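Here is the structure we will look at, set down as structure tokens.
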Amino acid sequence: MNRKRTVSILNLFFLIPVIILSFYTWKDYKKYLTNVKDYFPAMEQIFLLDGGKQILGLSKEETFDEKYDVYVWDTATAALIRQTTIPTSFQSEPGPVTYQQDGILIPIYTKTSGLMLNLFRPTGEIEELSQGTLHIPFSLSSNAFSWRGRLIAAGNITDSEWVIAQVKDGKLERVILDKQKLLPARPVRMSELIGSFQNELSVPLFSVSLKDNRSALVSGILDTAGKPAVLVGQKDEASFALQDRASAQFAKVFGFNNAKLVRVHDDYPGIAAFYNRNEKEWGAAVPVPKPVYQARVFLLNDDEVLIAGSTAEDEVEGQVTGYIFNERTGQFQDASSLLKQLAYDHIKATDTRFYKQSGSSTLYYSSGKQEVGAADLEIGKANVYTNQQVEGWLITDKDTRVSPVSFLNYAKQGGGLVINWVVWVMITLLLLLSMAIFPRMLINKRSKHLRSGQIVHGRIKSMQETGLYVNEQPMVRFVVEFEDEGRLKEVEIKQVISFLTPLKVGDSVRISYNRKKHKALFLTEEDLRQL
């Protein structure tokens with residue numbers, strides 16, 4: 001039984017799936033353009049840099065990725081100016097940040113390096129401060145804290161080594177409690193003293209249980225010698241009494257006024273007032289230029305706090321306002337240029353943070369994963385950016401309309417449809433390419449054979465169709481008999497011929513015979529002219 005294989009039918013066979021797949025791929029591509037935002041990275045957290053001139057965003061392409069993609073934009077133009085990556089653990093989120101050395105310090109936990117302290121500068125430089133020295137096997141939610149512009153980390157490196165680390169002004173200092181012989185017995189447990197990092201006390205504290213069953217309080221911050229303050233409890237001393245002693249003693253060590261803490265009074269309408277921690281008595285209201293009700297106090301640095309709240313006693317009827325108060329000089333600075341752009345709910349939210357370096361005119365704001373802001377307090381100018389707005393900066397005009405850029409982004413998403421379409425397009429292109437190259441290769445091969453062969457006269461001894469058809473014309477196997485060097489020889493030649501070609505057994509033909517390879521070709525009039 002003969003099988004017809006024609007190039008024209010082969011072309012049609014490969015074009016049919018390409019046409020069908022192209023139709024469905026185009027429909028899917030148009031759907032992608034409609035929902036293009038869903039295919040771009042979501043920012044897990046964003047932070048402002050360089051006085052609000054830059055925004056830094058952290059994103060994970062996949063949930064279980066162990067790296068963050070870091071994007072940096074120019075806020076004036078929304079242009080992406082830098083992109084890099086930093087390692088992380090897929091189980092960990094960025095810890096509490098601080099602004100230091102005109103950059104932002106972002107702690108991130110990794111399984112291999114422990115707590116990594118990445119200081120991002122506006123110049124694009126990233127300095128990792130810990131260098132694998134803080135292998136604290138806890139989540140960042142329980143062992144890292146931001147307090148008055150410092151980053152504080154604590155935990156056990158080994159079963160017998162408990163560390164307190166502080167980063168202040170871009171400098172990392174760490175102390176291992178047992179090695180420094182700061183305690184009368186080996187520490188066996190250490191935990192944050194609840195509330196001490198939220199302005200309950202003048203200095204943040206850690207509660208330490210010792211091997212000899214005694215308790216001690218250790219300051220969360222380090223002195224100029226790089227050591228924490230330590231107070232060991234007396235026999236049968238109540239924990240609250242120990243806290244009172246530590247608060248008063250440590251305040252003197254670090255230069256804070258334990259008798260004049262700025263806190264929000266418990267009574268309605270919730271104004272900021274001075275609190276005497278020594279006597280546990282409320283003092284006068286903080287003399288803000290204009291009343292701030294339903295307030296909240298944010299610790300900024302060693303000298304300043306932010307008092308933020310409402311212009312009305314009932315916050316629903318007021319506008320957000322506030323002042324930066326310098327506890328050492330008693331001076332105020334109006335922060336309403338930034339605060340008036342915020343919702344009061346954000347002021348009260350537990351994940352809302354404000355940051356200001358000593359001597360800087362920039363006040364930074366972060367409301368968890370929702371929005372960030374920055375104000376130049378000298379000129380009273382502020383800007384707030386939402387997470388969703390920043391995510392949109394990744395998307396250009398070319399990404400939202402039919403263009404090579406958007407189609408390439410669509411194709412990168414993969415999927416069965418795209419993969420099948422690409423495979424069939426490649427097959428078709430290769431077929432078309434072979435159709436263009438293969439005939440030329442055959443011509444070149446024929447020319448080479450003609451140049452290496454001898455022209456001889458022969459006679460068709462037999463001819464038979466092979467069953468193969470090309471362009472609906474049969475390929476025929478010829479046996480040609482000829483004389484070479486006085487000997488009668490036979491050679492087989494296969495050639496596609498037209499049904500109209502008047503060849504038959506017994507006809508005389510001219511061939512080009514290659515004696516070395518014992519191969520031959522029929523010669524045409526065109527071949528003879530070229531030779």
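Just so we're on the same page: first chain in the structure tokens is A, next is B, and so on; residues restart at 1 for each chain, and ligands are numbered from 1 in the order they show up.
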If you count only C-alpha atoms, which residues fall within 8 Å of Leu172 in chain A, apart from same-chain ones fewer than 5 positions away, as a VMD selection string?
chain A and resid 129 to 130 165 to 167
Identify, with DSSP run on backbone atoms, the residues in range 366-487 of chain A assigned to strand (DSSP E), and express the list as number ranges by chain.
A: 366-367, 371-376, 381-386, 454-470, 473-484, 487
Go through A:Arg277, A:Lys412, A:Arg148, A:Lys260 and flag the residue nearest Val305 in chain A, using only C-alpha atoms for the distances.
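Counting only C-alpha atoms, the residue closest to Val305 in chain A is A:Arg148.
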Secondary structure check, alpha helix (DSSP H) residues of range 282-360 of chain A, as a PyMOL selection string:
chain A and resi 336-339+344-348
Residues of the last selection are to be written out with C-alpha atoms, as a PDB file, in the first residue's frame.
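selection-v6.pdb, freshly written:
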```
ATOM      1  CA  SER A 336       0.287  68.523  61.767  1.00  0.00           C
ATOM      2  CA  SER A 337       1.470  68.747  58.140  1.00  0.00           C
ATOM      3  CA  LEU A 338       1.837  64.962  58.233  1.00  0.00           C
ATOM      4  CA  LEU A 339      -0.709  64.036  60.900  1.00  0.00           C
ATOM      5  CA  TYR A 344      -7.368  58.635  63.502  1.00  0.00           C
ATOM      6  CA  ASP A 345      -7.735  54.837  63.439  1.00  0.00           C
ATOM      7  CA  HIS A 346      -4.174  54.642  62.189  1.00  0.00           C
ATOM      8  CA  ILE A 347      -2.932  56.720  65.129  1.00  0.00           C
ATOM      9  CA  LYS A 348      -4.427  54.229  67.557  1.00  0.00           C
TER      10      LYS A 348
END
```
For Ile497 in chain A, which residue out of A:Val253, A:Leu433, A:Leu468, A:Ala411 is the nearest one, using only C-alpha atoms?
A:Leu468
Near Ser196 in chain A, counting only C-alpha atoms, which residues have an atom at most 12 Å away, once you skip same-chain residues fewer than 3 positions from it, shown as number ranges by chain?
A: 145-147, 191-193, 199-207, 217-221, 243-244, 246-247
Save out the residues we just selected, N, CA and C atoms, as a PDB file, in the first residue's frame.
```
ATOM      1  N   PHE A 145      13.308  44.599  68.983  1.00  0.00           N
ATOM      2  CA  PHE A 145      12.483  45.730  69.401  1.00  0.00           C
ATOM      3  C   PHE A 145      13.076  47.030  68.864  1.00  0.00           C
ATOM      4  N   SER A 146      12.204  47.974  68.597  1.00  0.00           N
ATOM      5  CA  SER A 146      12.614  49.330  68.238  1.00  0.00           C
ATOM      6  C   SER A 146      12.267  50.249  69.404  1.00  0.00           C
ATOM      7  N   TRP A 147      13.276  50.999  69.897  1.00  0.00           N
ATOM      8  CA  TRP A 147      13.035  51.860  71.057  1.00  0.00           C
ATOM      9  C   TRP A 147      13.887  53.116  70.951  1.00  0.00           C
ATOM     10  N   SER A 191      13.268  37.262  79.310  1.00  0.00           N
ATOM     11  CA  SER A 191      12.106  37.697  78.534  1.00  0.00           C
ATOM     12  C   SER A 191      11.902  39.194  78.707  1.00  0.00           C
ATOM     13  N   GLU A 192      11.215  39.767  77.768  1.00  0.00           N
ATOM     14  CA  GLU A 192      10.886  41.206  77.821  1.00  0.00           C
ATOM     15  C   GLU A 192       9.972  41.478  79.019  1.00  0.00           C
ATOM     16  N   LEU A 193      10.254  42.550  79.723  1.00  0.00           N
ATOM     17  CA  LEU A 193       9.340  42.987  80.781  1.00  0.00           C
ATOM     18  C   LEU A 193       8.189  43.721  80.106  1.00  0.00           C
ATOM     19  N   ASN A 199       6.875  52.593  76.901  1.00  0.00           N
ATOM     20  CA  ASN A 199       6.848  53.832  77.691  1.00  0.00           C
ATOM     21  C   ASN A 199       6.241  53.658  79.079  1.00  0.00           C
ATOM     22  N   GLU A 200       6.104  52.424  79.548  1.00  0.00           N
ATOM     23  CA  GLU A 200       5.647  52.218  80.915  1.00  0.00           C
ATOM     24  C   GLU A 200       6.743  52.593  81.917  1.00  0.00           C
ATOM     25  N   LEU A 201       7.999  52.377  81.488  1.00  0.00           N
ATOM     26  CA  LEU A 201       9.150  52.695  82.324  1.00  0.00           C
ATOM     27  C   LEU A 201      10.087  53.618  81.551  1.00  0.00           C
ATOM     28  N   SER A 202      11.010  54.221  82.259  1.00  0.00           N
ATOM     29  CA  SER A 202      11.938  55.149  81.610  1.00  0.00           C
ATOM     30  C   SER A 202      12.932  54.426  80.714  1.00  0.00           C
ATOM     31  N   VAL A 203      13.228  53.172  81.037  1.00  0.00           N
ATOM     32  CA  VAL A 203      14.197  52.368  80.286  1.00  0.00           C
ATOM     33  C   VAL A 203      13.580  50.993  80.038  1.00  0.00           C
ATOM     34  N   PRO A 204      13.725  50.429  78.862  1.00  0.00           N
ATOM     35  CA  PRO A 204      13.187  49.084  78.600  1.00  0.00           C
ATOM     36  C   PRO A 204      13.980  48.033  79.376  1.00  0.00           C
ATOM     37  N   LEU A 205      13.289  47.003  79.853  1.00  0.00           N
ATOM     38  CA  LEU A 205      13.915  46.015  80.719  1.00  0.00           C
ATOM     39  C   LEU A 205      13.664  44.589  80.241  1.00  0.00           C
ATOM     40  N   PHE A 206      14.626  43.723  80.578  1.00  0.00           N
ATOM     41  CA  PHE A 206      14.452  42.283  80.421  1.00  0.00           C
ATOM     42  C   PHE A 206      14.468  41.647  81.800  1.00  0.00           C
ATOM     43  N   SER A 207      13.555  40.708  82.008  1.00  0.00           N
ATOM     44  CA  SER A 207      13.516  39.946  83.243  1.00  0.00           C
ATOM     45  C   SER A 207      14.330  38.670  83.047  1.00  0.00           C
ATOM     46  N   LEU A 217      16.800  42.134  86.867  1.00  0.00           N
ATOM     47  CA  LEU A 217      16.336  42.970  85.755  1.00  0.00           C
ATOM     48  C   LEU A 217      17.557  43.545  85.059  1.00  0.00           C
ATOM     49  N   VAL A 218      17.532  43.472  83.731  1.00  0.00           N
ATOM     50  CA  VAL A 218      18.645  43.937  82.906  1.00  0.00           C
ATOM     51  C   VAL A 218      18.109  44.945  81.905  1.00  0.00           C
ATOM     52  N   SER A 219      18.799  46.063  81.748  1.00  0.00           N
ATOM     53  CA  SER A 219      18.334  47.085  80.802  1.00  0.00           C
ATOM     54  C   SER A 219      18.431  46.568  79.373  1.00  0.00           C
ATOM     55  N   GLY A 220      17.466  46.960  78.558  1.00  0.00           N
ATOM     56  CA  GLY A 220      17.499  46.577  77.149  1.00  0.00           C
ATOM     57  C   GLY A 220      18.457  47.416  76.334  1.00  0.00           C
ATOM     58  N   ILE A 221      18.969  48.499  76.896  1.00  0.00           N
ATOM     59  CA  ILE A 221      19.913  49.364  76.187  1.00  0.00           C
ATOM     60  C   ILE A 221      21.271  49.291  76.883  1.00  0.00           C
ATOM     61  N   GLN A 243      10.947  46.192  90.031  1.00  0.00           N
ATOM     62  CA  GLN A 243      10.768  47.040  88.858  1.00  0.00           C
ATOM     63  C   GLN A 243      10.888  48.516  89.211  1.00  0.00           C
ATOM     64  N   ASP A 244      10.294  48.905  90.331  1.00  0.00           N
ATOM     65  CA  ASP A 244      10.381  50.305  90.757  1.00  0.00           C
ATOM     66  C   ASP A 244      11.827  50.710  90.998  1.00  0.00           C
ATOM     67  N   ALA A 246      14.534  49.314  89.756  1.00  0.00           N
ATOM     68  CA  ALA A 246      15.279  49.317  88.498  1.00  0.00           C
ATOM     69  C   ALA A 246      14.948  50.546  87.663  1.00  0.00           C
ATOM     70  N   SER A 247      13.668  50.915  87.608  1.00  0.00           N
ATOM     71  CA  SER A 247      13.265  52.074  86.821  1.00  0.00           C
ATOM     72  C   SER A 247      13.973  53.338  87.301  1.00  0.00           C
TER      73      SER A 247
END
```
What does the distance from CA of Gln389 in chain A to CA of Thr75 in chain A come to in Å, to one decimal?
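Separation of CA of Gln389 in chain A and CA of Thr75 in chain A: 11.0 Å.
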At most 8 Å is the cut-off: for each residue in range 270-352 of chain A with any atom that close to an atom of range 366-387 of chain A, write down the nearest atom pair and the distance in Å rounded to one decimal, counting only C-alpha atoms, chain first then increasing number, as a tab-separated table.
```
residue	atom	partner	partner_atom	distance
A:Gln333	CA	A:Leu377	CA	7.6
A:Asp334	CA	A:Leu377	CA	7.3
A:Ala335	CA	A:Leu377	CA	6.6
A:Ser337	CA	A:Gly380	CA	5.5
A:Leu338	CA	A:Ala382	CA	5.1
A:Gln341	CA	A:Val384	CA	7.4
A:His346	CA	A:Ser367	CA	6.4
A:Ala349	CA	A:Ser367	CA	7.7
A:Asp351	CA	A:Gly368	CA	5.2
A:Thr352	CA	A:Ser367	CA	4.3
```
Output N, CA and C atoms for every residue in the selection just made, as a short mmCIF file (atom, residue, chain, number, x, y, z; two decimals), in the first residue's frame.
```
data_model
loop_
_atom_site.label_atom_id
_atom_site.label_comp_id
_atom_site.auth_asym_id
_atom_site.auth_seq_id
_atom_site.Cartn_x
_atom_site.Cartn_y
_atom_site.Cartn_z
N GLN A 333 7.46 71.22 68.29
CA GLN A 333 7.53 71.36 66.83
C GLN A 333 6.24 70.81 66.25
N ASP A 334 5.58 71.62 65.42
CA ASP A 334 4.29 71.24 64.85
C ASP A 334 4.46 70.10 63.84
N ALA A 335 3.72 69.00 64.03
CA ALA A 335 3.78 67.85 63.12
C ALA A 335 2.47 67.66 62.36
N SER A 337 1.40 68.88 59.60
CA SER A 337 1.47 68.75 58.14
C SER A 337 1.38 67.29 57.72
N LEU A 338 1.94 66.39 58.51
CA LEU A 338 1.84 64.96 58.23
C LEU A 338 0.60 64.36 58.88
N GLN A 341 -3.07 64.33 57.47
CA GLN A 341 -3.36 63.48 56.32
C GLN A 341 -3.70 62.04 56.73
N HIS A 346 -5.57 55.01 62.37
CA HIS A 346 -4.17 54.64 62.19
C HIS A 346 -3.33 55.11 63.36
N ALA A 349 -3.74 52.48 65.99
CA ALA A 349 -3.40 51.11 65.61
C ALA A 349 -2.07 50.69 66.26
N ASP A 351 0.22 48.75 65.19
CA ASP A 351 1.36 48.62 64.28
C ASP A 351 1.79 49.96 63.67
N THR A 352 1.21 51.07 64.13
CA THR A 352 1.62 52.39 63.65
C THR A 352 2.90 52.82 64.35
#
```
Calculate how many Å separate CA of Glu483 in chain A from CA of Val505 in chain A, rounding to one decimal.
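One can read the CA of Glu483 in chain A to CA of Val505 in chain A distance as 17.2 Å.
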Can you work out which one of A:Val509, A:Val188, A:Ala42, A:Ala76 has the shortest atom-to-atom distance to Glu62 in chain A, counting only C-alpha atoms?
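Nearest candidate to Glu62 in chain A out of A:Val509, A:Val188, A:Ala42, A:Ala76: A:Ala42.
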For range 54-59 of chain A, list every protein, DNA or RNA residue within 8 Å, evaluated using only C-alpha atoms, and leave out those in the same chain fewer than 2 positions away; present the list as a list in words.
Pro41, Ala42, Met43, Glu44, Gln45, Ile46, Phe47, Leu48, Leu49, Asp50, Gly51, Gly52, Glu61, Tyr68, Asp69, Val70, Tyr71, Val72, Trp73, Asp74, Thr75 and Pro122 of chain A
